[in-house]
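Here's the structure, in structure tokens; my notes come after.
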Amino acid sequence: MSRLLLLLAVLLGLVAPAHAERLVSLVSNDTVEITSSFDGERMNFFGTIIPDAGSDQKFVTGPFHVVVVVLGPTQNRVAWQKTNVLGVWLNTEQVEFLNFPSYFHVLSSARLTDITDVTTLTTNLILPESHTLATSSDDWWKGAVFGRELVRLMTEQGLFGVQENGVNFPAENFYSARLTLPSNAPPGPYIALTYVFKNGEIIARKSEGFAVRKIGFERFLALSAVQQPLLYGVICVILALFTGWMGGVLFRR
Amino acid sequence: MQIYLPIAELSVNLFFLVGIGGAVGFLSGLFGVGGGFLLTPLLIFSGVPAPVAVASVTGQVVAASTSGALAHYRRGAIDLHLALYLVLSGVLGAFGGVAAFALLRDAGQLDFVISFGFLVLLGSVGTLMLIESTRAILKQRRGIIVRERLPNQHNWIHGLPMRVRFKKSRLYISVLPVLIIGLFIGFVGSLLGIGGGFIMVPALVYLLRVPGNVVIGTSLAQVVAMMAATTILHAVQSQSVDILLAFCLMVGGTAGAQFGASAGKYLRGEQLRGLLALLVLAVAIRFGLSLVLAPADVFSMAVMGQTQ
């Protein structure tokens with residue numbers, strides 16, 4: 001009997017609260033179109049936290065914290081370190097990072113370490129450094145050092161970032177976040193992961209996909225360069241010969 | 001006005017691109033060189049990935065040299081026979097250069113080789129040109145009439161086997177040095193994204209003794225043909241030719257070159273060579289310093305295997 005009570009308590013204590021809230025979220029764009037005048041794009045993420053369908057709660061009680069993680073297509077990346085060899089600076093050390101995101105931004109409603117503990121952040125890949133664990137290096141320390149430097153380089157290019165005041169709560173259970181996708185954001189499939197935290201625990205999560213893609217003439221050029229490289233090269237040369245000839249004709253006195 | 005470059009995958013100011021194309025075009029028209037050795041570094045410094053910069057400038061060099069080559073062709077100032085030999089060996093060299101380019105990029109040593117190559121090439125050519133032009137200027141000041149060397153004066157290079165007669169250049173010389181020059185310039189040009197005109201002209205004049213009236217024309221014809229082949233090779237091998245980037249540079253470059261050419265009439269030959277030597281040396285020193293001085297950031301990164 002007491003065992004049954006304990007089981008009930010465990011079920012109530014773990015399962016019921018975890019499913020009590022539900023997240024309804026939206027992304028402002030499902031595609032970001034790269035045109036010839038593409039100079040970055042502003043995106044909005046918003047949503048509301050409501051009682052779960054099965055629960056008998058009428059309203060939700062906070063305080064909630066929301067973390068939005070935006071991930072770009074993954075690539076294999078390599079980080080190099082220069083050292084001085086006989087007076088000349090050379091790339092001598094390298095570490096490869098497999099399936100490394102080409103774009104990674106975290107928006108949160110408070111400092112990440114105030115929202116939850118580092119273990120939760122790392123296992124859910126919310127910290128930038130958590131993406132640097134799959135390396136080619138057997139040396140753990142070297143991998144960690146290069147990983148930190150790679151995150152720094154990506155941050156300097158605007159491709160990585162953590163904005164710890166990026167999520168606002170206009171109402172207790174309604175959040176909105178704004179992200180400006182830079183013009184060098186690589187095209188491909190993107191994913192936006194939204195986590196809702198309460199007392200340091202994830203109580204709801206949701207993921208949405210959106211695509212960044214070249215359209216029209218830009219798409220045509222990029223595709224031809226890959227699919228018809230020979231023709232593309234020949235057309236480049238014809239264009240160059242024509243431009244050179246035109247220049248001579250136009251400016252001849 | 002921003003323009004998105006589809007292969008470089010970043011957006012750049014259109015006026016900036018046409019502007020640097022024009023400025024470099026002006027200098028190339030003034031000095032009669034392709035200008036690749038200035039454009040490639042400028043693009044890399046302004047954030048364009050090195051492979052895209054090198055491959056796209058190759059296309060721009062074709063455009064920049066075409067109008068000059070056509071003008072010389074009309075005047076009959078091209079030794080087509082000699083140019084053919086140079087182009088054939090040049091394309092062969094370009095195959096090697098493009099392959100080496102891909103290997104070095106994957107090994108992470110491309111930046112070093114580009115810097116080192118520019119340092120050695122530009123440094124030595126610039127120094128030689130500076131010495132030569134300073135001497136000419138000084139002699140002229142002292143009132144000495146400079147007698148140019150006779151074009152068909154022979155040296156040991158001409159005595160090598162496999163001799164061929166080049167009618168227009170009035171030469172009967174071995175093809176081996178011709179092929180080696182073509183091969184070398186093809187390799188270096190495709191690796192560094194330069195036309196190689198500033199190596200080709202001295203090589204033709206001092207090594208092969210090609211007469212002055214066909215040197216520039218032949219060199220330009222060779223640059224057009226070889227760089228056209230290199231553009232196609234880069235497009236096929238690394239797919240890093242950005243046609244939009246190249247076109248913006250071409251438009252600025254061809255316009256600037258015309259103004260440069262007319263401005264060049266106000267300067268004498270040795271003054272022009274002296275100025276060009278200084279410019280070439282400045283770029284060489286810039287690359288030399290980047291090798292020796294401690295870099296601002298010892299870490300760098302790249303995407304592996306440029307697959308889309």
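Residues in the structure tokens are named by chain (A, B, ... in the order shown) and by number from 1 within that chain; ligands are numbered from 1 in the order shown.
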
Neighbour list for Ser28 in chain B as a list in words, cut-off 7 Å, only C-alpha atoms, skip fewer than 5 positions in-chain: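 Neighbouring residues, sequence-local ones excluded: Val33, Gly34, Gly35, Ala257 and Gly260 of chain B.
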
With a cut-off of 6 Å, could you pull out the residues of chain A touching chain B and give me the nearest pair of atoms for each, distance in Å to one decimal, using only C-alpha atoms, ordered by chain and ascending number, as a tab-separated table?
```
residue	atom	partner	partner_atom	distance
A:Ser36	CA	B:Tyr4	CA	4.8
A:Ser37	CA	B:Ile3	CA	5.1
A:Phe38	CA	B:Tyr4	CA	5.8
A:Asn76	CA	B:Met304	CA	5.5
A:Arg77	CA	B:Val303	CA	4.5
A:Val78	CA	B:Ala302	CA	5.5
A:Ala79	CA	B:Met301	CA	4.3
A:Trp80	CA	B:Ser300	CA	5.2
A:Gln81	CA	B:Phe299	CA	4.5
A:Lys82	CA	B:Val298	CA	4.9
A:Val88	CA	B:Val292	CA	5.1
A:Trp89	CA	B:Leu291	CA	5.5
A:Ser183	CA	B:Leu10	CA	5.8
A:Asn184	CA	B:Leu10	CA	4.6
A:Glu218	CA	B:Pro6	CA	5.5
A:Ala222	CA	B:Pro6	CA	5.8
A:Ala225	CA	B:Gln239	CA	5.9
A:Pro229	CA	B:Val236	CA	4.8
A:Leu230	CA	B:Val236	CA	5.6
A:Gly233	CA	B:Ile232	CA	4.3
A:Val237	CA	B:Ala228	CA	5.6
A:Ala240	CA	B:Ala63	CA	4.4
A:Leu241	CA	B:Ala63	CA	5.3
A:Thr243	CA	B:Ala63	CA	6.0
A:Gly244	CA	B:Ala63	CA	4.3
A:Trp245	CA	B:Ser67	CA	5.2
A:Gly247	CA	B:Thr254	CA	5.4
A:Gly248	CA	B:Ser67	CA	4.9
```

DSSP-assigned helix (DSSP H, G or I) among range 4-230 of chain A, expressed as a PyMOL selection string: chain A and resi 4-18+112-115+118-123+128-132+140-156+216-227+229-230

Would you mind exporting the chosen residues as a CSV table (one decimal), in the first residue's frame, restricted to C-alpha atoms?
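Result went into out_39.csv, see below:
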```csv
chain,number,residue,atom,x,y,z
A,4,LEU,CA,1.6,2.3,-4.2
A,5,LEU,CA,1.3,5.7,-2.6
A,6,LEU,CA,5.0,6.3,-3.2
A,7,LEU,CA,4.5,5.4,-6.9
A,8,LEU,CA,1.5,7.7,-7.1
A,9,ALA,CA,3.6,10.5,-5.5
A,10,VAL,CA,6.4,9.9,-7.9
A,11,LEU,CA,4.0,10.0,-10.8
A,12,LEU,CA,2.3,13.2,-9.6
A,13,GLY,CA,5.6,14.8,-8.7
A,14,LEU,CA,7.3,14.1,-12.0
A,15,VAL,CA,4.8,13.5,-14.8
A,16,ALA,CA,1.9,15.8,-13.9
A,17,PRO,CA,3.8,19.1,-13.5
A,18,ALA,CA,6.0,18.4,-16.5
A,112,LEU,CA,21.6,31.7,-19.0
A,113,THR,CA,23.3,30.7,-15.8
A,114,ASP,CA,20.5,32.3,-13.8
A,115,ILE,CA,17.9,30.3,-15.7
A,118,VAL,CA,25.4,24.4,-16.8
A,119,THR,CA,24.6,20.7,-17.2
A,120,THR,CA,21.1,21.3,-18.6
A,121,LEU,CA,22.5,24.0,-20.9
A,122,THR,CA,25.2,21.7,-22.2
A,123,THR,CA,23.1,18.6,-22.7
A,128,PRO,CA,28.0,27.7,-28.0
A,129,GLU,CA,30.8,25.6,-26.6
A,130,SER,CA,28.6,22.5,-26.5
A,131,HIS,CA,28.8,22.3,-30.3
A,132,THR,CA,32.6,22.0,-30.2
A,140,TRP,CA,40.8,16.8,-25.1
A,141,TRP,CA,42.5,20.0,-23.9
A,142,LYS,CA,43.6,21.0,-27.4
A,143,GLY,CA,40.0,20.4,-28.7
A,144,ALA,CA,38.6,22.6,-25.9
A,145,VAL,CA,41.0,25.4,-26.5
A,146,PHE,CA,40.5,25.4,-30.3
A,147,GLY,CA,36.7,25.1,-29.7
A,148,ARG,CA,36.7,28.2,-27.6
A,149,GLU,CA,38.7,30.1,-30.3
A,150,LEU,CA,36.4,28.9,-33.0
A,151,VAL,CA,33.4,30.2,-31.1
A,152,ARG,CA,35.2,33.5,-30.7
A,153,LEU,CA,35.9,33.7,-34.5
A,154,MET,CA,32.3,32.8,-35.4
A,155,THR,CA,31.1,35.5,-32.9
A,156,GLU,CA,33.4,38.1,-34.5
A,216,GLY,CA,15.5,34.4,-58.6
A,217,PHE,CA,18.7,35.4,-60.3
A,218,GLU,CA,20.9,34.7,-57.2
A,219,ARG,CA,19.6,31.2,-57.0
A,220,PHE,CA,20.0,30.7,-60.7
A,221,LEU,CA,23.7,31.8,-60.6
A,222,ALA,CA,24.5,29.7,-57.5
A,223,LEU,CA,22.9,26.6,-59.0
A,224,SER,CA,24.6,27.0,-62.4
A,225,ALA,CA,28.0,27.4,-60.8
A,226,VAL,CA,27.5,24.0,-59.1
A,227,GLN,CA,25.5,22.1,-61.7
A,229,PRO,CA,30.4,24.5,-63.9
A,230,LEU,CA,31.9,24.3,-67.4
```

One-decimal distance in Å that lies between CA of Leu159 in chain A and CA of Ala55 in chain B: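 Value for the CA of Ala55 in chain B-CA of Leu159 in chain A distance: 24.8 Å.
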
Interatomic distance (Å, one decimal) between CA of Ile215 in chain A and CA of Pro189 in chain A: 14.3 Å

Atom-to-atom span, CA of Val106 in chain A and CA of Ala20 in chain A, Å: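 A separation of 25.4 Å between them.
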
Contact residues around Arg163 in chain B with only C-alpha atoms at 7 Å, ignoring same-chain residues under 2 positions, as a list in words: Pro161, Arg165, Tyr172, Ile173, Ser174 and Val175 of chain B

Strand (DSSP E) per DSSP on the backbone: members of range 139-253 of chain B, as a PyMOL selection string: chain B and resi 163-166+171-174

Go through range 80-172 of chain A residue by residue and, counting only C-alpha atoms, keep those with an atom at most 10 Å from range 55-64 of chain A; for each kept residue give the shortest atom pair and its distance in Å to one decimal, ordered by chain and increasing number, as a tab-separated table.
```
residue	atom	partner	partner_atom	distance
A:Ser109	CA	A:Phe64	CA	8.9
A:Ile115	CA	A:Phe64	CA	9.2
A:Phe169	CA	A:Phe64	CA	9.1
A:Glu172	CA	A:Gly62	CA	6.8
```

I need the residues from that last selection saved to file as a short mmCIF file (atom, residue, chain, number, x, y, z; two decimals), in the first residue's frame (with C-alpha atoms), if you can.
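After the write, result.cif holds the following:
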```cif
data_model
loop_
_atom_site.label_atom_id
_atom_site.label_comp_id
_atom_site.auth_asym_id
_atom_site.auth_seq_id
_atom_site.Cartn_x
_atom_site.Cartn_y
_atom_site.Cartn_z
CA SER A 109 15.00 36.30 -21.11
CA ILE A 115 17.86 30.32 -15.73
CA PHE A 169 7.79 39.17 -21.69
CA GLU A 172 3.49 36.96 -17.77
#
```

Non-local contacts of Leu71 in chain A (12 Å; only C-alpha atoms; under 4 positions in same chain excluded) as a ChimeraX atom specification: /A:75,99-107,125-128,131,159-161,181,185-194,207-212

Write out, as an mmCIF file, in the first residue's frame, the residues just selected, with C-alpha atoms.
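Below is the file out09.cif, written as the result:
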```cif
data_model
loop_
_atom_site.group_PDB
_atom_site.id
_atom_site.type_symbol
_atom_site.label_atom_id
_atom_site.label_comp_id
_atom_site.auth_asym_id
_atom_site.auth_seq_id
_atom_site.Cartn_x
_atom_site.Cartn_y
_atom_site.Cartn_z
ATOM 1 C CA GLN A 75 29.280 22.092 -41.885
ATOM 2 C CA ASN A 99 28.794 18.929 -38.004
ATOM 3 C CA PHE A 100 29.479 22.346 -36.626
ATOM 4 C CA PRO A 101 26.591 24.820 -37.017
ATOM 5 C CA SER A 102 27.253 27.564 -39.547
ATOM 6 C CA TYR A 103 24.963 29.857 -37.588
ATOM 7 C CA PHE A 104 24.065 29.764 -33.896
ATOM 8 C CA HIS A 105 22.285 32.398 -31.877
ATOM 9 C CA VAL A 106 20.782 32.135 -28.418
ATOM 10 C CA LEU A 107 18.146 34.582 -27.220
ATOM 11 C CA LEU A 125 23.243 22.232 -26.728
ATOM 12 C CA ILE A 126 22.257 25.742 -25.639
ATOM 13 C CA LEU A 127 25.820 26.895 -24.929
ATOM 14 C CA PRO A 128 27.960 27.668 -28.005
ATOM 15 C CA HIS A 131 28.803 22.270 -30.282
ATOM 16 C CA LEU A 159 27.491 34.065 -36.982
ATOM 17 C CA PHE A 160 27.468 33.067 -33.326
ATOM 18 C CA GLY A 161 25.957 35.049 -30.517
ATOM 19 C CA LEU A 181 19.888 37.491 -39.461
ATOM 20 C CA ALA A 185 24.105 33.985 -42.890
ATOM 21 C CA PRO A 186 24.722 30.818 -44.905
ATOM 22 C CA PRO A 187 21.756 29.559 -46.960
ATOM 23 C CA GLY A 188 20.156 26.270 -45.962
ATOM 24 C CA PRO A 189 17.661 24.781 -43.520
ATOM 25 C CA TYR A 190 17.480 26.525 -40.150
ATOM 26 C CA ILE A 191 15.850 25.384 -36.966
ATOM 27 C CA ALA A 192 14.563 27.476 -34.080
ATOM 28 C CA LEU A 193 14.312 25.616 -30.772
ATOM 29 C CA THR A 194 12.298 27.245 -28.020
ATOM 30 C CA SER A 207 10.991 23.458 -32.655
ATOM 31 C CA GLU A 208 10.232 25.281 -35.862
ATOM 32 C CA GLY A 209 12.052 25.146 -39.145
ATOM 33 C CA PHE A 210 12.638 27.906 -41.589
ATOM 34 C CA ALA A 211 14.754 28.134 -44.707
ATOM 35 C CA VAL A 212 17.245 30.715 -45.840
#
```
